[in-house]
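Peer 1: Below is a structure I'd like to ask you about.
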Amino acid sequence: MHGNPNLKRAGTTGLIMVAYWLMKSEPHVYPYEQLVADGSTHWDGVRNYQARNMMRDDMKEGDLVLFYHSNFKPPHVAGIARVCKEGYPDFTAQDPNSKYFDSKATPENPRWMMVDIAPVMQLEQIIPLEDIRNNPECEGMLLIRKGQRLSVQPVEEEHFLAVMRMANLSLSDLS
DNA sequence: GCCAACGTTGGC
DNA sequence: GCCAACGTTGGC
């Protein structure tokens with residue numbers, strides 16, 4: 001039960017092993033601009049076991065993240081982020097004053113986990129969901145699978161690179 | 001605002 | 001362990 005056996009962590013540069021993710025945020029709640037203003041943030045409030053498991057087991061420091069704005073017209077990728085702190089307990093689950101409070105979460109069994117992310121680059125032009133859906137290079141991407149609603153999801157390298165190309169970016173632009 | 005898809009809960 | 005009911009997600 002440890003780690004995702006399907007997760008590829010192939011080294012793009014041959015030196016640094018990076019995996020890719022997509023994280024959804026509602027811009028009315030927490031937009032990419034806020035991540036830039038904050039410098040980094042803890043990704044609290046995820047209450048889905050699949051997403052939790054990925055944050056707990058699979059997301060590593062330096063992994064790259066497509067920061068996605070959901071519940072917005074149009075829904076879109078707004079920027080690139082990176083994981084800057086690996087999985088640790090989501091303390092909001094143990095805070096009775098938090099809207100994410102979960103009475104089953106304890107210090108011994110925190111139940112929910114989170115990672116920290118930091119901004120890497122805001123896209124000069126957002127990439128709308130529809131453009132991703134219409135891009136043959138993005139075929140098979142979880143984001144555009146019917147019924148898919150995971151707020152944290154793995155992204156294959158070829159798909160990450162395809163989205164980057166849509167933004168006229170390459171990996172070297174991120175360093 | 002609608003609603004399909006999905007995850008969780010809880011009775012049995 | 002099944003599954004109906006319910007709540008949430010999130011595109012449209």
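Identifiers for the structure tokens are assigned positionally: chains receive A, B, ... in sequence, residues are indexed from 1 per chain, and ligands are indexed from 1 in the order shown.
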Would you list which chain C residues are within 10 Å of chain A using only C-alpha atoms (C1' of nucleotides), as a PyMOL selection string?
Peer 2: chain C and resi 9-12
Peer 1: If you run DSSP over the backbone, which residues in chain A end up strand (DSSP E or B)? Put them as a ChimeraX atom specification.
Peer 2: /A:11,17,20-25,41-42,64-69,76-89,113-128,152-155
Peer 1: Pick out the residues sitting within 9 Å of stretch 44-50 of chain A, and hand them over as a list in words; count only C-alpha atoms (C1' of nucleotides), and ignore anything fewer than 2 positions along from it in its own chain.
Peer 2: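 So, after excluding close chain neighbours, the residues are Thr41, His42, Arg52, Asn53, Met54, Met55, Asp90, Phe91, Thr92, Ala93, Lys99, Tyr100, Phe101, Trp112, Met113, Met114, Val115, Asp116, Leu150, Ser151, Val152 and Gln153 of chain A; DG7 of chain B.
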Peer 1: Please, what distance in Å, to one decimal, runs between atom CA of A:Pro154 and atom CA of A:Asp63?
Peer 2: 10.6 Å
Peer 1: Please run DSSP on the backbone and report, as an MDAnalysis selection string, all residues within stretch 1-161 of chain A that come out as alpha helix (DSSP H).
Peer 2: chainID A and resid 32:38 49:53 129:134 157:161
Peer 1: Do you have the atom CA of A:Pro110-atom CA of A:Lys24 distance handy?
Peer 2: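 If I compute the distance from atom CA of A:Pro110 to atom CA of A:Lys24, I get 22.6 Å.
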